[in-house]
file my_file22.pdb (PDB, C-alpha atoms)
ATOM      1  CA  MET N  93      -8.038 -10.354 -12.463
ATOM      2  CA  THR N  94      -5.335 -11.259 -14.957
ATOM      3  CA  ALA N  95      -2.281 -13.436 -14.548
ATOM      4  CA  GLY N  96       1.184 -12.074 -15.164
ATOM      5  CA  GLU N  97       4.303 -13.822 -16.436
ATOM      6  CA  GLY N  98       4.187 -16.272 -13.563
ATOM      7  CA  SER N  99       1.161 -17.628 -11.770
ATOM      8  CA  ALA N 100       0.391 -14.529  -9.738
ATOM      9  CA  VAL N 101      -2.584 -12.302 -10.486
ATOM     10  CA  VAL N 102      -1.387  -8.815 -11.455
ATOM     11  CA  ILE N 103      -2.750  -6.084  -9.171
ATOM     12  CA  ASP N 104      -3.077  -3.337 -11.754
ATOM     13  CA  GLY N 105      -2.649   0.009 -10.019
ATOM     14  CA  THR N 106      -2.857   1.933 -13.280
ATOM     15  CA  ALA N 107      -6.333   0.611 -14.075
ATOM     16  CA  LEU N 108      -7.546   1.132 -10.513
ATOM     17  CA  ALA N 109      -6.210   4.699 -10.476
ATOM     18  CA  ALA N 110      -8.076   5.444 -13.707
ATOM     19  CA  THR N 111     -11.316   4.324 -12.053
ATOM     20  CA  VAL N 112     -10.630   6.508  -9.009
ATOM     21  CA  LYS N 113      -9.882   9.532 -11.193
ATOM     22  CA  ALA N 114     -13.053   9.038 -13.213
ATOM     23  CA  ASP N 115     -15.064   9.222  -9.989
ATOM     24  CA  LEU N 116     -13.108  12.267  -8.837
ATOM     25  CA  ARG N 117     -13.819  14.114 -12.099
ATOM     26  CA  VAL N 118     -17.536  13.826 -11.364
ATOM     27  CA  ARG N 119     -17.054  15.061  -7.811
ATOM     28  CA  VAL N 120     -14.865  17.979  -8.902
ATOM     29  CA  ASP N 121     -17.480  19.011 -11.473
ATOM     30  CA  ALA N 122     -20.082  19.008  -8.701
ATOM     31  CA  LEU N 123     -17.851  21.191  -6.520
ATOM     32  CA  ARG N 124     -17.184  23.624  -9.353
ATOM     33  CA  SER N 125     -20.924  23.945  -9.924
ATOM     34  CA  LYS N 126     -21.084  25.285  -6.357
ATOM     35  CA  GLY N 127     -18.244  27.718  -6.978
ATOM     36  CA  VAL N 128     -15.679  25.575  -5.131
ATOM     37  CA  VAL N 129     -12.439  24.987  -7.046
ATOM     38  CA  PRO N 130     -10.135  22.388  -5.442
ATOM     39  CA  GLY N 131      -6.441  23.299  -5.568
ATOM     40  CA  LEU N 132      -3.368  21.166  -4.871
ATOM     41  CA  GLY N 133      -0.167  22.892  -3.816
ATOM     42  CA  THR N 134       3.296  21.341  -4.002
ATOM     43  CA  ILE N 135       6.563  22.457  -2.441
ATOM     44  CA  LEU N 136       9.578  20.889  -4.149
ATOM     45  CA  VAL N 137      13.096  21.594  -2.898
ATOM     46  CA  GLY N 138      16.016  20.642  -5.120
ATOM     47  CA  GLU N 139      16.218  18.537  -8.245
ATOM     48  CA  ASN N 140      15.963  14.932  -7.077
ATOM     49  CA  PRO N 141      15.036  13.076 -10.309
ATOM     50  CA  GLY N 142      12.435  10.902  -8.621
ATOM     51  CA  SER N 143      10.842  13.881  -6.894
ATOM     52  CA  LEU N 144      10.796  15.951 -10.082
ATOM     53  CA  SER N 145       9.065  13.154 -11.963
ATOM     54  CA  TYR N 146       6.619  12.485  -9.166
ATOM     55  CA  VAL N 147       5.598  16.134  -8.726
ATOM     56  CA  ALA N 148       5.172  16.558 -12.481
ATOM     57  CA  GLY N 149       2.933  13.491 -12.498
ATOM     58  CA  LYS N 150       0.836  14.894  -9.672
ATOM     59  CA  HIS N 151       0.145  18.065 -11.606
ATOM     60  CA  ARG N 152      -0.747  16.117 -14.739
ATOM     61  CA  ASP N 153      -3.211  14.143 -12.623
ATOM     62  CA  CYS N 154      -4.708  17.388 -11.328
ATOM     63  CA  ALA N 155      -5.330  18.589 -14.868
ATOM     64  CA  GLU N 156      -7.076  15.308 -15.692
ATOM     65  CA  VAL N 157      -9.688  15.676 -12.961
ATOM     66  CA  GLY N 158     -10.079  19.462 -12.895
ATOM     67  CA  ILE N 159      -8.032  20.289  -9.794
ATOM     68  CA  GLU N 160      -6.023  23.514  -9.955
ATOM     69  CA  SER N 161      -2.242  23.331  -9.442
ATOM     70  CA  ILE N 162      -0.216  25.706  -7.288
ATOM     71  CA  ARG N 163       3.489  24.904  -7.457
ATOM     72  CA  LEU N 164       6.430  26.326  -5.502
ATOM     73  CA  ASP N 165       9.847  25.018  -6.583
ATOM     74  CA  LEU N 166      12.895  25.953  -4.502
ATOM     75  CA  PRO N 167      16.561  25.315  -5.325
ATOM     76  CA  GLY N 168      18.521  22.650  -3.479
ATOM     77  CA  THR N 169      20.393  25.469  -1.744
ATOM     78  CA  ALA N 170      17.196  26.774  -0.138
ATOM     79  CA  SER N 171      17.527  27.493   3.570
ATOM     80  CA  GLU N 172      15.194  26.330   6.280
ATOM     81  CA  ALA N 173      13.827  29.882   6.399
ATOM     82  CA  ASP N 174      13.050  29.698   2.668
ATOM     83  CA  ILE N 175      11.125  26.467   3.135
ATOM     84  CA  ARG N 176       9.282  27.864   6.145
ATOM     85  CA  ALA N 177       8.227  30.859   4.054
ATOM     86  CA  ALA N 178       6.938  28.575   1.292
ATOM     87  CA  ILE N 179       4.887  26.603   3.812
ATOM     88  CA  THR N 180       3.397  29.807   5.227
ATOM     89  CA  THR N 181       2.463  30.882   1.702
ATOM     90  CA  MET N 182       0.614  27.621   1.110
ATOM     91  CA  ASN N 183      -1.108  27.771   4.508
ATOM     92  CA  ASP N 184      -2.377  31.288   3.790
ATOM     93  CA  ASP N 185      -3.364  30.885   0.124
ATOM     94  CA  PRO N 186      -7.152  30.413  -0.185
ATOM     95  CA  ALA N 187      -6.649  28.819  -3.616
ATOM     96  CA  VAL N 188      -4.766  25.939  -1.953
ATOM     97  CA  THR N 189      -7.215  23.350  -0.663
ATOM     98  CA  ALA N 190      -4.385  21.083   0.441
ATOM     99  CA  PHE N 191      -0.674  20.772  -0.261
ATOM    100  CA  ILE N 192       2.356  18.561   0.081
ATOM    101  CA  ILE N 193       5.996  19.015   0.948
ATOM    102  CA  GLN N 194       7.756  16.648  -1.428
ATOM    103  CA  LEU N 195      10.131  14.319   0.414
ATOM    104  CA  PRO N 196      13.027  13.793   0.708
ATOM    105  CA  LEU N 197      14.186  17.269   1.668
ATOM    106  CA  PRO N 198      17.854  18.247   1.282
ATOM    107  CA  GLU N 199      20.303  16.983   3.858
ATOM    108  CA  GLY N 200      20.232  19.011   7.042
ATOM    109  CA  ILE N 201      16.532  19.930   6.820
ATOM    110  CA  ASP N 202      14.409  18.030   9.335
ATOM    111  CA  PRO N 203      11.253  16.849   7.532
ATOM    112  CA  THR N 204       9.279  16.454  10.762
ATOM    113  CA  THR N 205       9.896  20.080  11.700
ATOM    114  CA  MET N 206       8.711  21.206   8.281
ATOM    115  CA  LEU N 207       5.610  18.993   8.357
ATOM    116  CA  GLU N 208       4.669  20.399  11.763
ATOM    117  CA  LEU N 209       4.462  23.877  10.223
ATOM    118  CA  MET N 210       1.668  22.841   7.865
ATOM    119  CA  ASP N 211      -1.964  23.557   8.596
ATOM    120  CA  PRO N 212      -3.204  20.016   9.435
ATOM    121  CA  ALA N 213      -6.433  20.721   7.544
ATOM    122  CA  LYS N 214      -4.348  21.370   4.404
ATOM    123  CA  ASP N 215      -2.218  18.229   4.718
ATOM    124  CA  ALA N 216      -2.768  16.410   1.412
ATOM    125  CA  ASP N 217      -0.322  13.613   2.256
ATOM    126  CA  GLY N 218      -1.801  12.761   5.658
ATOM    127  CA  LEU N 219       1.640  12.992   7.270
ATOM    128  CA  HIS N 220       1.186  15.910   9.671
ATOM    129  CA  PRO N 221       1.747  14.726  13.278
ATOM    130  CA  VAL N 222      -1.819  15.737  14.202
ATOM    131  CA  ASN N 223      -3.266  13.583  11.421
ATOM    132  CA  LEU N 224      -0.973  10.660  12.194
ATOM    133  CA  GLY N 225      -2.104  11.019  15.802
ATOM    134  CA  GLU N 226      -5.714  10.673  14.668
ATOM    135  CA  LEU N 227      -4.696   7.451  12.933
ATOM    136  CA  VAL N 228      -3.134   6.186  16.160
ATOM    137  CA  LEU N 229      -6.244   7.078  18.182
ATOM    138  CA  ALA N 230      -8.718   5.486  15.754
ATOM    139  CA  VAL N 231     -10.544   2.471  17.134
ATOM    140  CA  PRO N 232      -9.477  -0.811  15.443
ATOM    141  CA  GLY N 233     -12.096  -1.849  12.944
ATOM    142  CA  GLY N 234     -13.595   1.640  12.832
ATOM    143  CA  LYS N 235     -13.449   4.231  10.086
ATOM    144  CA  GLY N 236     -11.953   6.995  12.170
ATOM    145  CA  SER N 237     -12.657  10.660  11.648
ATOM    146  CA  ILE N 238     -13.845  11.665   8.184
ATOM    147  CA  ASP N 239     -11.896  14.888   8.708
ATOM    148  CA  THR N 240      -8.558  13.068   8.851
ATOM    149  CA  PRO N 241      -6.623  12.652   5.597
ATOM    150  CA  LEU N 242      -4.982   9.241   5.336
ATOM    151  CA  PRO N 243      -1.378   8.844   4.145
ATOM    152  CA  CYS N 244      -1.549   8.344   0.390
ATOM    153  CA  THR N 245       0.554   5.241  -0.215
ATOM    154  CA  PRO N 246      -0.923   3.260   2.703
ATOM    155  CA  ARG N 247      -4.426   4.302   1.632
ATOM    156  CA  GLY N 248      -3.668   3.278  -1.943
ATOM    157  CA  ILE N 249      -2.370  -0.112  -0.812
ATOM    158  CA  VAL N 250      -5.528  -0.788   1.182
ATOM    159  CA  GLU N 251      -7.727   0.182  -1.764
ATOM    160  CA  MET N 252      -5.722  -2.133  -4.028
ATOM    161  CA  LEU N 253      -6.182  -5.039  -1.642
ATOM    162  CA  ARG N 254      -9.902  -4.376  -1.364
ATOM    163  CA  ALA N 255     -10.343  -4.035  -5.121
ATOM    164  CA  TYR N 256      -8.830  -7.493  -5.599
ATOM    165  CA  ASP N 257     -10.834  -9.017  -2.729
ATOM    166  CA  VAL N 258      -7.767  -9.704  -0.591
ATOM    167  CA  PRO N 259      -8.937 -10.139   3.028
ATOM    168  CA  ILE N 260      -7.269  -7.813   5.543
ATOM    169  CA  ALA N 261      -8.981  -8.379   8.900
ATOM    170  CA  GLY N 262      -7.376 -11.227  10.797
ATOM    171  CA  ARG N 263      -4.523 -11.602   8.303
ATOM    172  CA  HIS N 264      -0.806 -11.357   9.012
ATOM    173  CA  VAL N 265       0.940  -8.584   7.099
ATOM    174  CA  THR N 266       4.714  -8.199   6.999
ATOM    175  CA  ILE N 267       5.964  -4.752   5.992
ATOM    176  CA  ILE N 268       9.600  -4.401   4.932
ATOM    177  CA  GLY N 269      10.693  -0.880   5.812
ATOM    178  CA  GLN N 270       9.560   1.495   8.535
ATOM    179  CA  GLY N 271       9.740   4.827   6.730
ATOM    180  CA  LEU N 272       7.522   7.808   7.429
ATOM    181  CA  THR N 273       5.609   7.710   4.151
ATOM    182  CA  VAL N 274       4.842   3.979   3.967
ATOM    183  CA  GLY N 275       5.915   1.539   6.675
ATOM    184  CA  ARG N 276       4.969   3.243   9.902
ATOM    185  CA  PRO N 277       1.605   4.726   8.821
ATOM    186  CA  LEU N 278       0.690   1.543   6.925
ATOM    187  CA  GLY N 279       1.247  -0.489  10.076
ATOM    188  CA  LEU N 280      -1.113   1.835  11.950
ATOM    189  CA  LEU N 281      -3.747   1.718   9.215
ATOM    190  CA  LEU N 282      -3.666  -2.073   8.905
ATOM    191  CA  THR N 283      -3.899  -2.468  12.670
ATOM    192  CA  ARG N 284      -6.944  -0.201  12.594
ATOM    193  CA  LEU N 285      -8.404  -2.581   9.988
ATOM    194  CA  GLU N 286      -7.801  -5.513  12.368
ATOM    195  CA  ALA N 287      -4.819  -7.047  10.620
ATOM    196  CA  THR N 288      -1.724  -8.215  12.490
ATOM    197  CA  ALA N 289       1.077  -6.016  11.175
ATOM    198  CA  THR N 290       4.794  -6.727  11.574
ATOM    199  CA  LEU N 291       7.275  -3.988  10.623
ATOM    200  CA  THR N 292      10.749  -5.177   9.697
ATOM    201  CA  HIS N 293      13.839  -3.070   9.121
ATOM    202  CA  SER N 294      17.627  -3.206   8.835
ATOM    203  CA  ARG N 295      17.998  -4.491  12.424
ATOM    204  CA  THR N 296      15.446  -7.287  12.057
ATOM    205  CA  VAL N 297      17.288 -10.551  12.699
ATOM    206  CA  ASP N 298      15.682 -12.609   9.896
ATOM    207  CA  VAL N 299      13.524 -10.615   7.493
ATOM    208  CA  ALA N 300      12.973 -13.612   5.231
ATOM    209  CA  ALA N 301      11.479 -15.620   8.106
ATOM    210  CA  GLU N 302       9.068 -12.792   8.914
ATOM    211  CA  VAL N 303       8.026 -12.587   5.262
ATOM    212  CA  ARG N 304       7.363 -16.341   5.074
ATOM    213  CA  ARG N 305       4.818 -16.003   7.889
ATOM    214  CA  ALA N 306       2.787 -13.395   6.030
ATOM    215  CA  ASP N 307      -0.488 -13.617   4.158
ATOM    216  CA  ILE N 308       0.310 -10.171   2.718
ATOM    217  CA  VAL N 309       3.801  -8.791   2.099
ATOM    218  CA  VAL N 310       4.479  -5.088   1.525
ATOM    219  CA  ALA N 311       8.013  -4.412   0.309
ATOM    220  CA  ALA N 312       9.033  -0.795   0.903
ATOM    221  CA  ALA N 313      12.785  -0.958   1.521
ATOM    222  CA  GLY N 314      14.004   0.660  -1.691
ATOM    223  CA  VAL N 315      16.393  -2.242  -2.405
ATOM    224  CA  ALA N 316      16.014  -3.635  -5.900
ATOM    225  CA  GLY N 317      15.184  -7.354  -5.996
ATOM    226  CA  LEU N 318      15.384  -7.757  -2.219
ATOM    227  CA  VAL N 319      12.413 -10.123  -1.802
ATOM    228  CA  GLN N 320      13.218 -13.542  -3.230
ATOM    229  CA  ALA N 321      10.798 -16.272  -4.278
ATOM    230  CA  ASP N 322      11.794 -18.531  -1.379
ATOM    231  CA  TRP N 323      10.887 -15.762   1.061
ATOM    232  CA  VAL N 324       7.219 -15.807   0.073
ATOM    233  CA  ALA N 325       4.568 -18.255   1.217
ATOM    234  CA  PRO N 326       2.726 -19.888  -1.700
ATOM    235  CA  GLY N 327      -0.395 -17.903  -2.541
ATOM    236  CA  ALA N 328       0.557 -14.825  -0.526
ATOM    237  CA  THR N 329      -0.293 -11.355  -1.818
ATOM    238  CA  VAL N 330       2.780  -9.201  -2.469
ATOM    239  CA  ILE N 331       2.656  -5.423  -2.815
ATOM    240  CA  ASP N 332       5.860  -3.940  -4.245
ATOM    241  CA  VAL N 333       6.358  -0.326  -3.171
ATOM    242  CA  GLY N 334      10.086  -0.017  -3.769
ATOM    243  CA  ILE N 335      11.402   1.959  -6.715
ATOM    244  CA  THR N 336      15.079   1.951  -7.660
ATOM    245  CA  ARG N 337      16.497   3.529 -10.810
ATOM    246  CA  VAL N 338      18.907   0.981 -12.301
ATOM    247  CA  LEU N 339      21.302   1.933 -15.092
ATOM    248  CA  ASN N 340      21.399  -0.283 -18.166
ATOM    249  CA  GLU N 341      25.077   0.001 -19.098
ATOM    250  CA  GLU N 342      24.429  -1.111 -22.686
ATOM    251  CA  THR N 343      21.809   1.543 -23.452
ATOM    252  CA  GLY N 344      22.878   4.171 -20.933
ATOM    253  CA  LYS N 345      19.259   4.484 -19.847
ATOM    254  CA  TYR N 346      17.701   3.960 -16.454
ATOM    255  CA  ARG N 347      14.824   1.601 -15.739
ATOM    256  CA  LEU N 348      12.723   1.160 -12.635
ATOM    257  CA  ARG N 349      13.152  -1.897 -10.451
ATOM    258  CA  GLY N 350      10.990  -2.847  -7.513
ATOM    259  CA  ASP N 351      11.941  -4.502  -4.241
ATOM    260  CA  VAL N 352      10.505  -7.830  -5.405
ATOM    261  CA  ASP N 353      12.435 -10.261  -7.588
ATOM    262  CA  PRO N 354      10.441 -11.222 -10.730
ATOM    263  CA  ALA N 355      10.599 -14.900  -9.732
ATOM    264  CA  VAL N 356       8.157 -14.136  -6.893
ATOM    265  CA  ALA N 357       5.403 -14.105  -9.547
ATOM    266  CA  HIS N 358       5.719 -17.898  -9.710
ATOM    267  CA  VAL N 359       4.949 -18.256  -5.994
ATOM    268  CA  ALA N 360       2.633 -15.428  -4.974
ATOM    269  CA  GLY N 361      -1.112 -15.492  -5.430
ATOM    270  CA  ALA N 362      -1.200 -11.820  -6.412
ATOM    271  CA  LEU N 363       1.533  -9.275  -7.081
ATOM    272  CA  SER N 364       1.595  -5.551  -7.842
ATOM    273  CA  PRO N 365       4.076  -4.552 -10.569
ATOM    274  CA  VAL N 366       6.721  -1.826 -10.711
ATOM    275  CA  PRO N 367       5.972   0.399 -12.491
ATOM    276  CA  GLY N 368       2.187   0.413 -12.746
ATOM    277  CA  GLY N 369       1.275  -0.763  -9.273
ATOM    278  CA  VAL N 370       1.375   1.333  -6.114
ATOM    279  CA  GLY N 371       2.692   4.516  -7.769
ATOM    280  CA  PRO N 372      -0.456   5.409  -9.737
ATOM    281  CA  MET N 373      -2.634   4.626  -6.733
ATOM    282  CA  THR N 374      -0.545   6.820  -4.437
ATOM    283  CA  ARG N 375      -1.088   9.742  -6.773
ATOM    284  CA  ALA N 376      -4.794   8.956  -7.075
ATOM    285  CA  MET N 377      -5.154   8.949  -3.281
ATOM    286  CA  LEU N 378      -3.475  12.340  -3.125
ATOM    287  CA  LEU N 379      -6.169  13.699  -5.450
ATOM    288  CA  LYS N 380      -8.821  11.987  -3.352
ATOM    289  CA  ASN N 381      -7.541  13.668  -0.195
ATOM    290  CA  VAL N 382      -7.699  17.061  -1.943
ATOM    291  CA  VAL N 383     -11.235  16.501  -3.213
ATOM    292  CA  GLU N 384     -12.425  15.283   0.185
ATOM    293  CA  ALA N 385     -10.932  18.382   1.823
ATOM    294  CA  ALA N 386     -12.766  20.584  -0.686
ATOM    295  CA  GLU N 387     -16.020  18.700  -0.061
ATOM    296  CA  ARG N 388     -15.692  19.269   3.684
ATOM    297  CA  ASP N 389     -15.408  23.011   3.080
ATOM    298  CA  ALA N 390     -18.125  23.221   0.420
TER     299      ALA N 390
END

call {"tool": "encode", "arguments": {"input": "my_file22.pdb", "output": "structure tokens"}}
result
Amino acid sequence: MTAGEGSAVVIDGTALAATVKADLRVRVDALRSKGVVPGLGTILVGENPGSLSYVAGKHRDCAEVGIESIRLDLPGTASEADIRAAITTMNDDPAVTAFIIQLPLPEGIDPTTMLELMDPAKDADGLHPVNLGELVLAVPGGKGSIDTPLPCTPRGIVEMLRAYDVPIAGRHVTIIGQGLTVGRPLGLLLTRLEATATLTHSRTVDVAAEVRRADIVVAAAGVAGLVQADWVAPGATVIDVGITRVLNEETGKYRLRGDVDPAVAHVAGALSPVPGGVGPMTRAMLLKNVVEAAERDA
């Protein structure tokens, strides 16, 4: 562990992701020796800058570990029928071990409806209702079904906590944000691991008070600098998931800001940075889900 600018230990997602990918390269080589070639498919609709960057990063990661890439990009004007057709193509393509539908989708397209059309066995993000249902049904403290892909960001967060020896069982975790990709599935996963999970949101009466109670804080609201130093209990572990592109008016360039104010580093015991924290681990978990799916079929 290394300390950052304040007193908090930096939870280095970039270094952890590199370790995960090194292991996956070995596993992919073993699969290829059996004639099994893992393939990740992506469906991207529109030109959201964050989504474009994220999908491009996923395919670079695939190349690093030997996973094939199958990419379908649709314009922002794509109809629901167009997206349905793309999903059917991915479901039917034997070269696609697993795939994702990059969120958010354009306004007017219901993401849940689209996710339901996926083959659950090809769900690389772990967000299909069937797979989320498996997460709900899992016995607390148990490992659940090995056939169930876990949502990537929640899985990455848990692996980060474990890598830095942060206890989970019996601890109080406050999650800021109840979105589909992070908050809600993370609450389920942490409960399964015998933590006490509190999900806060825009209607929570006093978010700061809920955060102060927490041993572990996960900030996933997408509001730059939301979590202040006086919100955090001394020594708490803080995982910053939020990413906001903030314009520097002097340079005309954008930079990434997390949900956690930098001053939190002087209070927390451990803190994940933005960038270089959860993002790399989310992508690494996506690759892990693909490789595990290929291993099940090998």

call {"tool": "residues_around", "arguments": {"input": "my_file22.pdb", "residues": "N:Cys244", "least_positions_apart": "2", "cutoff": "9 Å", "atoms": "all atoms listed in the file", "output": "list of chain:residue names"}}
result
N:Ala216, N:Asp217, N:Gly218, N:Leu219, N:Pro241, N:Leu242, N:Pro246, N:Arg247, N:Gly248, N:Ile249, N:Thr273, N:Val274, N:Met373, N:Thr374, N:Arg375, N:Ala376, N:Met377, N:Leu378, N:Lys380, N:Asn381

call {"tool": "resolve_selection", "arguments": {"input": "my_file22.pdb", "expression": "the PyMOL selection byres ((chain N and resi 131) around 6)", "output": "number ranges by chain"}}
result
N: 130, 132, 159-161, 187-189

call {"tool": "write_last_selection", "arguments": {"input": "my_file22.pdb", "atoms": "C-alpha atoms", "output": "PDB file, in the coordinates of the input"}}
result
ATOM      1  CA  PRO N 130     -10.135  22.388  -5.442  1.00  0.00           C
ATOM      2  CA  LEU N 132      -3.368  21.166  -4.871  1.00  0.00           C
ATOM      3  CA  ILE N 159      -8.032  20.289  -9.794  1.00  0.00           C
ATOM      4  CA  GLU N 160      -6.023  23.514  -9.955  1.00  0.00           C
ATOM      5  CA  SER N 161      -2.242  23.331  -9.442  1.00  0.00           C
ATOM      6  CA  ALA N 187      -6.649  28.819  -3.616  1.00  0.00           C
ATOM      7  CA  VAL N 188      -4.766  25.939  -1.953  1.00  0.00           C
ATOM      8  CA  THR N 189      -7.215  23.350  -0.663  1.00  0.00           C
TER       9      THR N 189
END

call {"tool": "residues_around", "arguments": {"input": "my_file22.pdb", "residues": "N:Gly138", "least_positions_apart": "6", "cutoff": "12 Å", "atoms": "only C-alpha atoms", "output": "list of chain:residue names"}}
result
N:Leu144, N:Val147, N:Leu164, N:Asp165, N:Leu166, N:Pro167, N:Gly168, N:Thr169, N:Ala170, N:Ser171, N:Ile175, N:Ile193, N:Gln194, N:Leu195, N:Pro196, N:Leu197, N:Pro198, N:Glu199, N:Ile201

call {"tool": "closest_residue", "arguments": {"input": "my_file22.pdb", "among": "N:Leu363, N:Leu281, N:Ile192, N:Val299", "to": "N:Tyr146", "atoms": "all atoms listed in the file"}}
result
N:Ile192

call {"tool": "atom_distance", "arguments": {"input": "my_file22.pdb", "atom1": "atom CA of N:Val250", "atom2": "atom CA of N:Ser294"}}
result
24.5 Å

call {"tool": "closest_residue", "arguments": {"input": "my_file22.pdb", "among": "N:Ala390, N:Val324, N:Ala287, N:Val338", "to": "N:Gly361", "atoms": "only C-alpha atoms"}}
result
N:Val324

call {"tool": "atom_distance", "arguments": {"input": "my_file22.pdb", "atom1": "atom CA of N:Gly327", "atom2": "atom CA of N:Leu280"}}
result
24.5 Å
